[in-house]
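Data file: start32.cif. Format and content: mmCIF, C-alpha atoms.
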```cif
data_start
#
loop_
_atom_site.label_atom_id
_atom_site.label_comp_id
_atom_site.auth_asym_id
_atom_site.auth_seq_id
_atom_site.Cartn_x
_atom_site.Cartn_y
_atom_site.Cartn_z
CA MET O 1 37.65 7.29 -7.43
CA ALA O 2 34.25 5.71 -7.02
CA ASN O 3 31.45 7.19 -4.93
CA GLN O 4 30.25 4.77 -2.28
CA ILE O 5 26.69 4.83 -0.96
CA GLN O 6 25.00 2.91 1.85
CA VAL O 7 21.38 1.80 1.66
CA PRO O 8 19.30 -0.09 4.26
CA TRP O 9 19.01 -3.83 3.68
CA GLY O 10 16.72 -5.30 6.30
CA LYS O 11 18.56 -4.92 9.61
CA GLU O 12 21.84 -4.46 7.75
CA SER O 13 22.99 -2.21 4.92
CA LEU O 14 24.40 -2.57 1.43
CA SER O 15 27.51 -0.73 0.27
CA ILE O 16 27.38 0.19 -3.41
CA ASP O 17 30.17 1.74 -5.47
CA LEU O 18 29.12 4.23 -8.15
CA PRO O 19 31.29 5.34 -11.08
CA ALA O 20 33.31 8.44 -10.27
CA GLU O 21 31.82 10.31 -13.24
CA TRP O 22 28.25 9.90 -11.95
CA GLN O 23 26.80 12.87 -10.12
CA ILE O 24 24.52 12.21 -7.15
CA THR O 25 21.80 14.82 -7.54
CA GLY O 26 19.84 13.74 -4.49
CA CYS O 27 19.75 11.23 -1.66
CA LEU O 28 16.06 11.49 -0.95
CA GLU O 29 15.23 10.57 2.61
CA PRO O 30 12.02 10.75 4.66
CA SER O 31 11.85 13.63 7.10
CA THR O 32 13.11 12.85 10.59
CA SER O 33 11.46 15.87 12.20
CA ALA O 34 8.52 13.88 13.62
CA ALA O 35 9.40 12.00 16.82
CA PRO O 36 7.85 8.64 17.78
CA VAL O 37 4.87 8.91 20.12
CA ASP O 38 3.46 6.90 23.00
CA VAL O 39 0.77 5.01 21.10
CA GLU O 40 -1.55 4.40 24.05
CA LYS O 41 -1.50 8.05 25.12
CA GLU O 42 -2.00 9.33 21.58
CA VAL O 43 -4.88 6.93 20.89
CA LEU O 44 -6.63 7.99 24.11
CA LYS O 45 -6.15 11.64 23.20
CA ALA O 46 -7.45 11.08 19.67
CA LEU O 47 -10.54 9.20 20.89
CA VAL O 48 -11.48 12.05 23.22
CA SER O 49 -10.73 14.87 20.75
CA PRO O 50 -11.31 13.41 17.27
CA VAL O 51 -11.35 15.34 13.99
CA MET O 52 -14.85 16.54 13.08
CA ALA O 53 -16.62 13.75 15.00
CA PRO O 54 -18.02 13.16 18.49
CA ALA O 55 -15.70 11.50 21.00
CA LEU O 56 -15.84 7.73 20.45
CA GLN O 57 -17.13 7.11 23.98
CA ASN O 58 -20.11 9.37 23.23
CA LEU O 59 -21.14 7.14 20.33
CA ILE O 60 -21.67 4.08 22.53
CA LYS O 61 -25.29 3.23 23.34
CA PRO O 62 -26.92 0.13 24.91
CA GLY O 63 -27.38 -2.75 22.48
CA LEU O 64 -25.24 -1.19 19.77
CA LYS O 65 -23.79 -3.62 17.22
CA ILE O 66 -20.14 -2.67 16.70
CA ALA O 67 -17.82 -3.81 13.90
CA ILE O 68 -14.11 -3.11 14.29
CA VAL O 69 -12.32 -3.40 10.95
CA ILE O 70 -8.56 -3.89 11.20
CA ASP O 71 -6.12 -4.04 8.32
CA ASP O 72 -4.33 -7.31 7.64
CA LEU O 73 -0.71 -8.45 7.82
CA SER O 74 0.22 -6.63 4.59
CA ARG O 75 0.16 -3.32 6.47
CA PRO O 76 2.55 -2.13 9.21
CA THR O 77 -0.23 -0.75 11.45
CA PRO O 78 0.43 -1.33 15.19
CA VAL O 79 -3.04 -2.87 15.63
CA SER O 80 -2.00 -4.77 18.76
CA LYS O 81 -1.23 -1.45 20.47
CA ILE O 82 -4.29 0.44 19.23
CA LEU O 83 -7.09 -2.14 19.53
CA PRO O 84 -6.75 -2.83 23.29
CA VAL O 85 -7.00 0.90 24.03
CA VAL O 86 -10.10 1.21 21.86
CA LEU O 87 -11.78 -1.79 23.50
CA LYS O 88 -11.06 -0.58 27.04
CA SER O 89 -12.44 2.84 26.15
CA ILE O 90 -15.75 1.62 24.74
CA ILE O 91 -16.27 -1.17 27.30
CA ALA O 92 -15.73 1.40 30.07
CA VAL O 93 -18.81 3.31 28.86
CA GLY O 94 -21.12 0.33 28.45
CA ALA O 95 -20.25 -1.60 25.30
CA GLU O 96 -20.59 -5.37 25.79
CA ILE O 97 -17.92 -7.66 24.41
CA SER O 98 -20.71 -9.78 22.88
CA GLN O 99 -21.78 -6.76 20.77
CA ILE O 100 -18.36 -6.42 19.14
CA VAL O 101 -16.93 -8.31 16.16
CA VAL O 102 -13.49 -7.74 14.62
CA ILE O 103 -13.19 -8.09 10.84
CA PRO O 104 -9.78 -8.12 9.10
CA ALA O 105 -9.81 -5.99 5.96
CA LEU O 106 -8.58 -8.67 3.57
CA GLY O 107 -9.82 -7.26 0.28
CA VAL O 108 -8.74 -9.97 -2.17
CA HIS O 109 -5.84 -11.11 0.03
CA ARG O 110 -5.63 -14.60 1.50
CA PRO O 111 -7.59 -15.45 4.69
CA MET O 112 -5.77 -15.02 7.99
CA THR O 113 -5.55 -17.93 10.41
CA ASP O 114 -6.97 -17.69 13.90
CA GLU O 115 -3.43 -17.56 15.25
CA GLU O 116 -2.54 -14.66 12.93
CA VAL O 117 -5.66 -12.70 13.86
CA ARG O 118 -5.09 -13.24 17.58
CA PHE O 119 -1.48 -12.10 17.19
CA ARG O 120 -2.63 -9.09 15.17
CA MET O 121 -5.15 -8.11 17.87
CA GLY O 122 -2.63 -8.56 20.68
CA ASP O 123 -2.52 -10.33 24.03
CA ASP O 124 -4.38 -7.55 25.84
CA VAL O 125 -7.77 -8.06 24.17
CA PRO O 126 -10.46 -10.20 25.86
CA HIS O 127 -10.11 -13.88 24.95
CA ASP O 128 -13.79 -14.10 24.00
CA LEU O 129 -13.63 -11.25 21.48
CA GLN O 130 -15.28 -12.49 18.27
CA TRP O 131 -13.76 -12.13 14.82
CA GLU O 132 -15.05 -12.90 11.34
CA SER O 133 -13.08 -13.66 8.20
CA HIS O 134 -14.07 -11.55 5.22
CA ASP O 135 -14.56 -13.40 1.93
CA CYS O 136 -14.88 -11.16 -1.13
CA ASP O 137 -16.35 -14.05 -3.16
CA ASN O 138 -19.07 -15.16 -0.75
CA SER O 139 -22.24 -13.40 -1.93
CA GLU O 140 -24.20 -14.67 1.08
CA LYS O 141 -21.93 -12.63 3.36
CA MET O 142 -22.28 -9.48 1.27
CA LYS O 143 -24.80 -6.67 1.15
CA PHE O 144 -25.48 -4.64 -2.01
CA LEU O 145 -25.68 -0.90 -1.36
CA GLY O 146 -26.13 0.52 -4.85
CA THR O 147 -23.86 1.91 -7.56
CA THR O 148 -21.47 4.88 -7.38
CA SER O 149 -21.56 7.77 -9.83
CA ARG O 150 -18.55 6.18 -11.57
CA GLY O 151 -20.44 2.92 -12.06
CA THR O 152 -18.94 0.80 -9.26
CA PRO O 153 -21.41 -1.75 -7.84
CA VAL O 154 -21.00 -1.52 -4.07
CA TRP O 155 -20.98 -4.89 -2.27
CA VAL O 156 -19.79 -4.73 1.33
CA ASN O 157 -19.34 -7.34 4.05
CA LYS O 158 -22.82 -7.85 5.53
CA THR O 159 -21.73 -7.89 9.19
CA THR O 160 -19.96 -4.58 8.66
CA ALA O 161 -22.78 -2.98 6.69
CA GLU O 162 -25.43 -4.03 9.23
CA SER O 163 -23.53 -2.83 12.29
CA ASP O 164 -24.65 0.34 14.05
CA LEU O 165 -21.09 1.63 14.54
CA ILE O 166 -18.01 0.85 12.45
CA ILE O 167 -14.58 1.52 13.90
CA SER O 168 -11.75 1.28 11.37
CA ILE O 169 -8.12 0.85 12.48
CA GLY O 170 -5.43 1.34 9.83
CA CYS O 171 -2.44 3.40 8.78
CA ILE O 172 -1.79 6.23 6.38
CA GLU O 173 1.15 5.75 4.02
CA PRO O 174 1.90 6.71 0.40
CA HIS O 175 -0.07 4.37 -1.87
CA ILE O 176 0.37 3.64 -5.56
CA ILE O 177 -3.35 3.57 -6.42
CA ALA O 178 -5.10 5.53 -3.68
CA SER O 179 -2.59 8.41 -3.17
CA PHE O 180 -2.45 7.48 0.53
CA GLY O 181 -3.69 4.48 2.48
CA GLY O 182 -6.07 4.66 5.41
CA GLY O 183 -9.45 6.33 5.81
CA TYR O 184 -12.33 4.64 4.00
CA LYS O 185 -9.86 2.32 2.24
CA ASN O 186 -10.25 -0.24 5.03
CA LEU O 187 -13.88 -0.64 3.91
CA ILE O 188 -13.41 -0.46 0.13
CA PRO O 189 -11.51 -2.50 -0.90
CA GLY O 190 -10.89 -3.87 2.63
CA VAL O 191 -14.26 -5.54 3.25
CA ALA O 192 -15.77 -5.20 -0.23
CA GLY O 193 -16.84 -7.78 -2.82
CA ARG O 194 -14.59 -8.79 -5.69
CA THR O 195 -16.72 -7.07 -8.34
CA THR O 196 -16.59 -3.84 -6.33
CA ILE O 197 -12.81 -4.06 -6.00
CA ALA O 198 -12.36 -4.91 -9.67
CA HIS O 199 -14.35 -1.93 -10.93
CA ASN O 200 -12.84 0.48 -8.42
CA HIS O 201 -9.24 -0.51 -9.23
CA ALA O 202 -9.86 -0.39 -12.98
CA ILE O 203 -10.78 3.29 -12.73
CA ASN O 204 -7.10 4.18 -12.37
CA CYS O 205 -5.93 1.98 -15.25
CA GLN O 206 -5.44 5.11 -17.31
CA PRO O 207 -2.30 6.89 -18.56
CA ASP O 208 -2.90 9.89 -16.29
CA THR O 209 -3.71 7.96 -13.10
CA PHE O 210 -1.73 4.71 -13.12
CA ASN O 211 0.75 6.16 -10.62
CA MET O 212 -0.96 8.25 -7.94
CA VAL O 213 1.56 7.88 -5.11
CA GLY O 214 1.28 10.96 -2.90
CA GLN O 215 -0.82 12.81 -5.48
CA PRO O 216 -3.69 15.16 -4.49
CA ILE O 217 -6.56 13.01 -3.24
CA ASP O 218 -9.27 15.13 -4.82
CA GLN O 219 -7.65 14.49 -8.21
CA ASN O 220 -7.64 10.70 -7.72
CA PRO O 221 -10.77 9.17 -9.29
CA MET O 222 -10.24 5.75 -7.68
CA ARG O 223 -9.98 7.29 -4.18
CA MET O 224 -13.02 9.50 -4.79
CA ASP O 225 -14.96 6.46 -5.96
CA LEU O 226 -14.11 4.27 -2.98
CA GLU O 227 -14.99 7.08 -0.58
CA GLU O 228 -18.34 7.57 -2.29
CA GLY O 229 -19.02 3.83 -2.13
CA ALA O 230 -18.03 3.44 1.52
CA ALA O 231 -20.19 6.40 2.53
CA MET O 232 -23.18 4.51 1.07
CA ILE O 233 -23.03 2.20 4.11
CA GLY O 234 -24.88 5.03 5.84
CA LYS O 235 -23.74 4.18 9.38
CA GLN O 236 -21.55 5.97 11.90
CA ILE O 237 -17.96 5.33 10.84
CA PHE O 238 -15.07 6.31 13.11
CA ILE O 239 -11.47 5.85 11.95
CA ILE O 240 -8.29 5.52 13.97
CA ASN O 241 -5.24 5.79 11.71
CA ALA O 242 -1.53 5.76 12.53
CA VAL O 243 1.10 7.67 10.59
CA LEU O 244 4.48 5.91 10.77
CA ASN O 245 8.08 6.93 10.24
CA SER O 246 10.61 5.03 8.12
CA SER O 247 11.34 2.74 11.09
CA LEU O 248 7.61 1.91 11.21
CA GLN O 249 7.22 3.74 14.53
CA PRO O 250 3.99 5.75 14.97
CA VAL O 251 4.60 9.50 14.91
CA SER O 252 0.94 10.55 14.87
CA ILE O 253 -2.50 9.10 15.56
CA VAL O 254 -5.55 10.67 13.91
CA ALA O 255 -9.13 9.69 14.66
CA GLY O 256 -12.66 10.72 13.85
CA ASP O 257 -14.43 11.47 10.57
CA PRO O 258 -13.21 9.12 7.79
CA ILE O 259 -12.62 12.04 5.40
CA ALA O 260 -11.48 14.91 7.63
CA ALA O 261 -9.26 12.80 9.91
CA HIS O 262 -7.79 11.00 6.92
CA ARG O 263 -6.88 14.26 5.19
CA GLU O 264 -5.14 15.50 8.33
CA GLY O 265 -3.12 12.29 8.57
CA SER O 266 -2.33 12.37 4.84
CA ARG O 267 -0.82 15.84 5.19
CA THR O 268 1.43 14.53 7.95
CA SER O 269 2.42 11.51 5.82
CA ALA O 270 3.17 13.77 2.84
CA ASP O 271 5.38 15.99 5.01
CA ILE O 272 7.39 12.91 6.03
CA TYR O 273 7.63 10.96 2.76
CA GLY O 274 7.36 13.51 -0.04
CA ALA O 275 10.94 14.32 -1.08
CA PRO O 276 11.49 17.35 -3.34
CA ILE O 277 13.75 16.77 -6.35
CA ALA O 278 14.76 19.44 -8.84
CA ASN O 279 14.99 17.28 -11.97
CA MET O 280 14.49 13.71 -13.12
CA ALA O 281 17.62 11.53 -13.00
CA ASP O 282 19.24 9.28 -15.57
CA VAL O 283 19.60 6.55 -12.96
CA VAL O 284 17.46 5.92 -9.88
CA ILE O 285 18.58 3.54 -7.14
CA THR O 286 15.74 2.68 -4.77
CA SER O 287 15.66 0.34 -1.77
CA SER O 288 12.56 -1.45 -0.49
CA HIS O 289 13.15 -0.38 3.12
CA PRO O 290 11.02 -0.34 5.28
CA MET O 291 8.71 -2.56 3.20
CA ASP O 292 11.12 -5.49 3.37
CA SER O 293 8.76 -8.36 4.23
CA ASP O 294 8.22 -9.80 0.73
CA LEU O 295 8.44 -8.98 -2.97
CA ARG O 296 4.85 -7.78 -3.19
CA GLN O 297 5.66 -5.11 -0.61
CA GLY O 298 9.19 -4.57 -1.90
CA VAL O 299 8.20 -3.49 -5.40
CA LYS O 300 6.54 -0.47 -3.81
CA ALA O 301 10.04 1.02 -3.94
CA LEU O 302 9.82 0.92 -7.73
CA ALA O 303 6.26 2.19 -7.87
CA ASN O 304 6.85 5.00 -5.40
CA THR O 305 9.92 6.45 -7.06
CA ILE O 306 9.64 5.82 -10.80
CA ARG O 307 8.55 9.40 -11.49
CA ALA O 308 12.10 10.43 -10.56
CA VAL O 309 13.71 8.57 -13.47
CA ARG O 310 13.99 10.27 -16.84
CA PRO O 311 12.22 8.47 -19.72
CA GLY O 312 14.81 6.19 -21.27
CA GLY O 313 16.76 5.98 -18.03
CA VAL O 314 17.58 3.07 -15.74
CA MET O 315 15.95 2.15 -12.44
CA ILE O 316 17.72 -0.21 -10.03
CA THR O 317 15.39 -1.58 -7.34
CA LEU O 318 16.86 -3.37 -4.33
CA ALA O 319 14.19 -5.58 -2.74
CA ARG O 320 15.09 -7.30 0.53
CA ALA O 321 11.98 -9.59 0.41
CA GLU O 322 12.86 -11.45 3.61
CA GLU O 323 9.91 -13.84 3.26
CA GLY O 324 10.23 -14.39 -0.48
CA THR O 325 7.58 -13.58 -3.05
CA GLY O 326 4.53 -13.16 -0.82
CA VAL O 327 0.96 -13.14 -2.16
CA PHE O 328 1.75 -11.70 -5.59
CA GLY O 329 -0.39 -12.95 -8.46
CA LEU O 330 1.84 -11.57 -11.22
CA ALA O 331 4.74 -13.62 -9.88
CA ASN O 332 2.69 -16.83 -10.19
CA LYS O 333 1.43 -16.26 -13.72
CA LYS O 334 3.51 -17.02 -16.79
CA LEU O 335 2.56 -14.60 -19.54
CA PRO O 336 2.47 -15.76 -23.16
CA LEU O 337 4.82 -12.97 -24.30
CA GLY O 338 8.41 -12.14 -23.48
CA ARG O 339 9.83 -8.76 -22.44
CA LYS O 340 10.56 -7.42 -25.92
CA ALA O 341 7.17 -8.45 -27.31
CA LEU O 342 5.34 -7.02 -24.30
CA LYS O 343 7.11 -3.69 -24.65
CA LEU O 344 6.47 -3.59 -28.40
CA LEU O 345 2.78 -4.47 -28.02
CA SER O 346 2.14 -2.49 -24.82
CA PRO O 347 0.28 0.38 -26.57
CA ILE O 348 -2.25 -2.19 -27.81
CA LEU O 349 -2.36 -4.21 -24.59
CA LEU O 350 -2.76 -1.37 -22.09
CA PRO O 351 -6.41 -0.50 -22.91
CA LEU O 352 -7.30 -4.21 -22.69
CA VAL O 353 -5.82 -4.90 -19.24
CA PRO O 354 -8.90 -3.94 -17.13
CA LYS O 355 -10.99 -6.45 -19.11
CA LEU O 356 -8.55 -9.37 -19.00
CA LYS O 357 -9.53 -12.63 -17.34
CA LEU O 358 -6.30 -14.35 -16.39
CA LYS O 359 -6.34 -17.43 -14.18
CA GLY O 360 -4.38 -16.93 -10.99
CA MET O 361 -4.57 -13.13 -11.13
CA GLY O 362 -6.61 -11.02 -8.74
CA GLU O 363 -8.05 -7.59 -9.28
CA GLU O 364 -5.06 -5.84 -7.71
CA ASP O 365 -2.80 -7.84 -10.00
CA LYS O 366 -4.54 -6.42 -13.07
CA PHE O 367 -3.69 -2.95 -11.87
CA PHE O 368 -0.09 -4.05 -11.22
CA LEU O 369 0.03 -5.47 -14.76
CA TYR O 370 -1.13 -2.12 -16.14
CA PHE O 371 1.44 -0.31 -14.03
CA ALA O 372 4.20 -2.74 -15.04
CA LEU O 373 3.51 -2.22 -18.74
CA GLN O 374 3.63 1.55 -18.31
CA ALA O 375 6.79 1.33 -16.20
CA MET O 376 8.71 -0.86 -18.67
CA ARG O 377 7.83 1.60 -21.44
CA ARG O 378 9.35 4.43 -19.40
CA CYS O 379 12.75 3.00 -18.51
CA ARG O 380 14.89 -0.10 -18.07
CA LEU O 381 13.87 -1.87 -14.85
CA LEU O 382 16.57 -3.80 -12.99
CA LEU O 383 15.72 -5.75 -9.83
CA TYR O 384 18.05 -7.16 -7.20
CA ALA O 385 16.02 -9.60 -5.08
CA PRO O 386 18.23 -12.55 -4.08
CA THR O 387 15.51 -14.38 -2.14
CA ILE O 388 13.30 -14.78 -5.22
CA PRO O 389 13.65 -18.13 -7.05
CA ALA O 390 14.51 -18.37 -10.74
CA SER O 391 11.05 -19.76 -11.53
CA VAL O 392 9.57 -16.41 -10.53
CA HIS O 393 12.13 -14.56 -12.65
CA GLU O 394 10.60 -16.22 -15.71
CA ASN O 395 7.15 -14.90 -14.84
CA LEU O 396 8.07 -11.31 -13.97
CA VAL O 397 9.32 -10.42 -17.43
CA PHE O 398 8.72 -6.69 -16.90
CA VAL O 399 11.93 -6.44 -14.90
CA GLU O 400 15.44 -7.82 -15.41
CA PHE O 401 16.70 -9.68 -12.35
CA ILE O 402 20.35 -8.97 -11.53
CA ASN O 403 22.64 -11.05 -9.31
CA SER O 404 24.20 -8.09 -7.51
CA PRO O 405 23.85 -4.30 -7.18
CA ALA O 406 27.23 -4.02 -8.95
CA ALA O 407 25.77 -5.83 -11.98
CA GLY O 408 23.01 -3.25 -12.14
CA ILE O 409 25.49 -0.39 -11.88
CA GLU O 410 27.49 -1.86 -14.76
CA ILE O 411 24.40 -2.13 -16.98
CA ALA O 412 23.53 1.50 -16.20
CA ARG O 413 27.15 2.59 -16.82
CA GLN O 414 27.01 1.03 -20.28
CA LYS O 415 23.86 3.06 -20.94
CA PHE O 416 25.50 6.24 -19.65
CA PRO O 417 29.28 5.79 -20.24
CA ALA O 418 30.30 9.43 -19.93
CA LYS O 419 28.23 10.79 -17.05
CA ALA O 420 24.88 10.32 -15.35
CA ASP O 421 22.71 12.12 -12.84
CA VAL O 422 21.76 9.72 -10.05
CA ALA O 423 18.93 9.92 -7.50
CA ILE O 424 18.99 7.58 -4.50
CA PHE O 425 15.99 6.57 -2.38
CA PRO O 426 17.31 4.61 0.65
CA HIS O 427 13.76 4.21 2.01
CA GLY O 428 11.97 3.82 -1.33
CA GLY O 429 9.32 1.56 0.20
CA MET O 430 7.60 4.67 1.57
CA THR O 431 9.32 7.69 -0.06
CA TYR O 432 8.14 9.39 -3.22
CA PRO O 433 9.56 12.29 -5.28
CA ILE O 434 7.99 15.71 -5.56
CA LEU O 435 9.23 17.18 -8.83
CA ASP O 436 9.66 20.93 -9.15
#
```

When written as structure tokens, how does the structure in this file appear?
Amino acid sequence: MANQIQVPWGKESLSIDLPAEWQITGCLEPSTSAAPVDVEKEVLKALVSPVMAPALQNLIKPGLKIAIVIDDLSRPTPVSKILPVVLKSIIAVGAEISQIVVIPALGVHRPMTDEEVRFRMGDDVPHDLQWESHDCDNSEKMKFLGTTSRGTPVWVNKTTAESDLIISIGCIEPHIIASFGGGYKNLIPGVAGRTTIAHNHAINCQPDTFNMVGQPIDQNPMRMDLEEGAAMIGKQIFIINAVLNSSLQPVSIVAGDPIAAHREGSRTSADIYGAPIANMADVVITSSHPMDSDLRQGVKALANTIRAVRPGGVMITLARAEEGTGVFGLANKKLPLGRKALKLLSPILLPLVPKLKLKGMGEEDKFFLYFALQAMRRCRLLLYAPTIPASVHENLVFVEFINSPAAGIEIARQKFPAKADVAIFPHGGMTYPILD
């Protein structure tokens, strides 16, 4: 008799039958111990009692130029709930609306429209609040701050760098490159120049650091580098970061020093999303939930959980991708080699990836290319993503698209006909394994 499992699929769920001889060694879920919080109350509390920083209201002085950096639509941060509270708090102690400019942390992502930014900020912000679009390729809107000890040239958005106070609003979640999101990451890469982002991302294009999801921050060279670079701004920087549960509800708000507050929030995020697993599995089934918006977000389920699959095993990723592909350079670039050739030549190609100049690929996409090559060397990658057109299938040769979860199960059963250990990640978009 088959084992049946249920995994989230957007607002619905998928039922999947597993072979009776397969043994489910773990259904690895985020912790549910943290309850959702009242965002407004928690933000107010965090602003008054921040981590290793003065209360935000005490930082406001007459004539102060204030930049508020918010993350963009690719993140699930409840900006529209946090920003109005922040504005009311600083205006109440003398900040003028004319002194404040909001800057979306776009990195190398596409520009946001005025409508998108206004929606992101929320209906409760003053209508005359200014905002500025960051452009990583516009040198006239950048300021050079020097070079980090790891050789990264630090170019930062000029308006941000020349402000007297920088307030950064973001969220802390497991992150493939940076261990965890949030903290200084809203500044680098968020409002950095393309050359800065390129060098910083390339630091982790190494066999030991290509997958840093949930890993110790002080052992992550890319994170250490971006924090060093952002600190070179030399201004007062105050972060407000949300930690979310698997339903994208805030369970904690941390504020204050961009290092100390971030570390506190990262510990909370790790407690929620780090799932202990005794051994690697022959087959891993991972769902994109709650990162279901598009394929670019959905493949986080693969990146987050691949350490749980045994080398030579099979990974089945279920990507809801409600809005299709999203802004995903790899999906728009046809590579000159097929899957077999890429896998065969990957030992030669991997050291070259950071230096590649491929039209239509951004700096983040180079890192994803490096990761994809490493991932396809580790195991067989199967992807169920029914909203993705066949033209994209031809470009993403690292994975094999399947037309149903059952088709993926059958391929894995052929690989493991007698028995298989199976690990399941229903919320793979934000869960990662902690191996004993």

Residues of region 60-93 of chain O that approach region 285-296 of chain O to 10 Å or less, counting all atoms listed in the file: could you list each one with the shortest pair of atoms and its distance in Å to one decimal, rows by chain and increasing residue number, as CSV?
```
residue,atom,partner,partner_atom,distance
O:Ser74,CA,O:Ser293,CA,8.7
O:Arg75,CA,O:Met291,CA,9.2
O:Pro76,CA,O:Met291,CA,8.6
```

Just so the selection is clear, what residues does the PyMOL selection byres ((chain O and resi 66) around 9) cover here, as number ranges by chain?
-> O: 64-65, 67-68, 95, 99-102, 160, 163-167

Expressed in Å to a single decimal, how great is the separation between CA of Val39 (chain O) and CA of Ser252 (chain O)?
-> 8.3 Å

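Nearest-residue note for Asp271 (chain O): choosing from O:Asp124, O:Glu29, O:Glu40, O:Glu12, the minimum distance belongs to O:Glu29, counting only C-alpha atoms.
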
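The result of the PyMOL selection byres ((chain O and resi 398-405) around 8) on the shown file is Ile16, Ile316, Leu318, Arg339, Ala372, Leu373, Met376, Arg380, Leu381, Leu382, Leu383, Tyr384, Ala385, Pro386, His393, Leu396, Val397, Ala406, Ala407, Gly408 and Ile409 of chain O.
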
Check which residues satisfy the PyMOL selection byres ((chain O and resi 423) around 9) in the file shown, then give them as a list in words.
-> Gln23, Ile24, Thr25, Gly26, Cys27, Leu28, Ile277, Met280, Ala281, Asp282, Val283, Val284, Ile285, Thr286, Ala308, Val309, Asp421, Val422, Ile424 and Phe425 of chain O

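When CA of Ser179 (chain O) is paired with CA of Thr147 (chain O), their separation reads 22.7 Å.
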
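Among O:Gly193, O:Gly234, O:Pro336, O:Pro30, the residue with the shortest atom-to-atom distance to Asn138 (chain O), counting only C-alpha atoms, is O:Gly193.
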
From O:Pro351, O:Pro258, O:Gly229, O:Gly146, residue lying nearest Ile169 (chain O) [all atoms listed in the file] | O:Pro258

Skipping near chain neighbours, those fewer than 2 positions away, what residues fall within 12 Å of region 246-249 of chain O using only C-alpha atoms, listed as a ChimeraX atom specification?
-> /O:8,10-11,29-39,75-78,81,171-174,242-244,251-253,269,272-273,288-292,425-431

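The space separating CA of Ile70 (chain O) from CA of Pro153 (chain O) comes to 23.1 Å.
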
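Counting all atoms listed in the file, Gln215 (chain O) has the following residues at most 10 Å away, ignoring those fewer than 5 positions along the same chain: Pro174, His175, Ile176, Ile177, Ala178, Ser179, Phe180, Thr209, Asn220, Ala270, Gly274, Tyr432 and Ile434 of chain O.
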
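Of the residues under consideration (O:Asn241, O:Gln206, O:Ser49, O:Thr196), O:Asn241 shows the shortest atom-to-atom contact distance to Tyr184 (chain O) when counting only C-alpha atoms.
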
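Using all atoms listed in the file, the nearest neighbour of Leu356 (chain O) within the list O:Ala202, O:Pro111, O:Pro433, O:Thr148 is O:Ala202.
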
Could you name the residues that touch Glu140 (chain O) at 12 Å or less, counting all atoms listed in the file, but leaving out those on the same chain fewer than 6 positions away, as a ChimeraX atom specification?
-> /O:134,155-159,193

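For the point (-15.1, -10.4, 9.8), the residues with at least one atom inside 6 Å, counting all atoms listed in the file, are O:Val102, O:Ile103, O:Pro104, O:Trp131, O:Glu132, O:Ser133, O:His134.
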
Proximity to Leu350 (chain O) - best of O:Met212, O:Ala275, O:Ala230, O:Cys205, only C-alpha atoms | O:Cys205

Sel. within 8 Å of pt (-3.1, -2.6, -12.0), counting only C-alpha atoms, output as a PDB file with C-alpha atoms, in the frame of the given file:
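Resulting contents of part.pdb:
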```pdb
ATOM      1  CA  HIS O 201      -9.240  -0.510  -9.230  1.00  0.00           C
ATOM      2  CA  ALA O 202      -9.860  -0.390 -12.980  1.00  0.00           C
ATOM      3  CA  ASN O 204      -7.100   4.180 -12.370  1.00  0.00           C
ATOM      4  CA  CYS O 205      -5.930   1.980 -15.250  1.00  0.00           C
ATOM      5  CA  PHE O 210      -1.730   4.710 -13.120  1.00  0.00           C
ATOM      6  CA  PRO O 354      -8.900  -3.940 -17.130  1.00  0.00           C
ATOM      7  CA  GLU O 363      -8.050  -7.590  -9.280  1.00  0.00           C
ATOM      8  CA  GLU O 364      -5.060  -5.840  -7.710  1.00  0.00           C
ATOM      9  CA  ASP O 365      -2.800  -7.840 -10.000  1.00  0.00           C
ATOM     10  CA  LYS O 366      -4.540  -6.420 -13.070  1.00  0.00           C
ATOM     11  CA  PHE O 367      -3.690  -2.950 -11.870  1.00  0.00           C
ATOM     12  CA  PHE O 368      -0.090  -4.050 -11.220  1.00  0.00           C
ATOM     13  CA  LEU O 369       0.030  -5.470 -14.760  1.00  0.00           C
ATOM     14  CA  TYR O 370      -1.130  -2.120 -16.140  1.00  0.00           C
ATOM     15  CA  PHE O 371       1.440  -0.310 -14.030  1.00  0.00           C
ATOM     16  CA  ALA O 372       4.200  -2.740 -15.040  1.00  0.00           C
TER      17      ALA O 372
END
```

Selection near Val392 (chain O), 9 Å with only C-alpha atoms, sequence-local residues under 5 positions removed, as a PyMOL selection string | chain O and resi 325+331-334

Selection export as a PDB file, keeping the file's coordinate frame, atoms kept: C-alpha atoms:
```pdb
ATOM      1  CA  THR O 325       7.580 -13.580  -3.050  1.00  0.00           C
ATOM      2  CA  ALA O 331       4.740 -13.620  -9.880  1.00  0.00           C
ATOM      3  CA  ASN O 332       2.690 -16.830 -10.190  1.00  0.00           C
ATOM      4  CA  LYS O 333       1.430 -16.260 -13.720  1.00  0.00           C
ATOM      5  CA  LYS O 334       3.510 -17.020 -16.790  1.00  0.00           C
TER       6      LYS O 334
END
```
